[in-house]
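Notes follow once the structure below has been shown.
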Amino acid sequence: MASNIGLKIANGEFYPIMEEFSSIKKRLILTTVHDNQPSVQIDLYRSPASVMTDAQYIGSLVVENIKHKPKGEPSIEMVVSSNTNGEIVADAIDLDTSAGGEHYILTVSLKSLDETSRDMEIPDFELESNEEPPSGLYNQAEKVREEESSNAWIFIVLVILLILGLLAGWLFFFGGMDVVRSWFNKDGKPAAEKVVEQPKAPEPVRPVEPERQPEPEPEPEPVRQVEPVQQRVEPPPVIQAPAAPPPPRQQTSTSRRNPPVASYNVPATIPREGVNYTIRWGDTLWDIAEAFYRNPWLYPRIAQHNGIRNPNLIISGRTIRIPPRN
């Protein structure tokens with residue numbers, strides 16, 4: 001079975017050109033992989049199945065001093081010919097005539113290649129330890145990927161260093177250390193969270209009774225001069241008791257035990273529309289809530305229902321509505 005002569009392209013596949021020992025000539029137009037690529041290396045292989053797994057390396061053709069062009073544009077013309085004697089001739093030239101028109105020629109004998117392969121029993125080709133394998137027409141793409149990967153790592157390292165530098169500047173020059181110290185107490189332990197005490201319910205304040213003006217004390221009667229008593233014994237005067245006891249003197253007392261609302265006949269169940277109540281002197285919302293709800297702490301409900309802004313200040317004589325408890 002005759003083998004095919006072909007090239008190894010950029011994706012690593014085998015590109016067939018012609019069959020070996022055939023008297024034909026093929027013309028190929030090649031392009032570069034990178035922009036402004038100065039040179040390329042064309043690798044020729046021989047494969048019975050037109051795949052690289054069983055391909056046999058034939059030889060390489062290096063074309064230098066290529067006219068700089070963007071990648072993908074035609075750059076090199078290559079003519080490959082074969083004869084019945086098994087000779088392969090590859091002729092490559094730069095398409096740009098201003099580059100000098102220098103030809104690069106590779107001539108290989110397939111018969112001698114077969115004899116060498118049988119005698120040596122070695123794979124496609126062997127390199128010395130100090131030599132590098134041929135890069136091929138597009139193998140330089142692998143080097144470019146390695147360079148891009150190394151550049152990416154360098155960029156990541158630079159970004160990390162920049163972030164560390166900004167953090168250090170914030171800590172030492174912009175007061176960052178004070179913020180960090182505030183997170184810790186003197187012992188180096190995280191500061192305990194502050195316990196916020198819940199405000200206690202305000203104690204109801206009874207309305208302040210106006211101070212009464214003290215009654216004017218009676219002016220003392222002028223002291224009469226006592227005439228010297230003659231030394232004689234007189235009978236003791238007879239004091240007549242009054243017909244009725246004098247009326248008790250009204251005394252003012254600021255303390256009281258029962259508020260006026262305590263004497264109000266509170267209904268057992270407050271209707272939905274509520275109950276009217278007229279505030280009397282000495283009443284407080286605390287006492288009113290105690291009388292109607294049996295719970296003085298519900299006084300804010302009465303204040304809110306009647307629009308009383310200050311529960312500690314109510315006016316006697318005002319009629320308010322007591323809403324139901326629930």
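Every chain in the structure tokens has a letter given in the order shown (A, B, ...), and although residue numbers restart at 1 in each chain, ligands are simply numbered from 1 in the order shown.
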Could you name the residues that touch region 323-325 of chain A at 12 Å or less, counting only C-alpha atoms, but leaving out those on the same chain fewer than 2 positions away, as number ranges by chain?
A: 267-277, 288-306, 320-321
To one decimal place in Å, what is the distance between CA of Ala90 (chain A) and CA of Thr107 (chain A)?
6.5 Å
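Of note, CA of Asp96 (chain A) and CA of Val63 (chain A) are spaced 13.0 Å apart.
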Step one, run DSSP on the backbone; step two, keep only residues of region 3-126 of chain A assigned to strand (DSSP E); then write them as a VMD selection string.
chain A and resid 4 to 8 14 to 19 25 to 31 40 to 47 56 to 63 74 to 82 87 to 94 103 to 109
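Nearest-residue note for Leu28 (chain A): choosing from A:Leu285, A:Ile58, A:Leu7, A:Val266, the minimum distance belongs to A:Leu7, counting only C-alpha atoms.
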Between CA of Lys111 (chain A) and CA of Asn85 (chain A), what is the distance, to one decimal in Å?
7.9 Å
Please list as a ChimeraX atom specification every residue within 6 Å of region 29-35 of chain A, counting only C-alpha atoms and excluding residues in the same chain fewer than 6 positions away.
/A:70-77
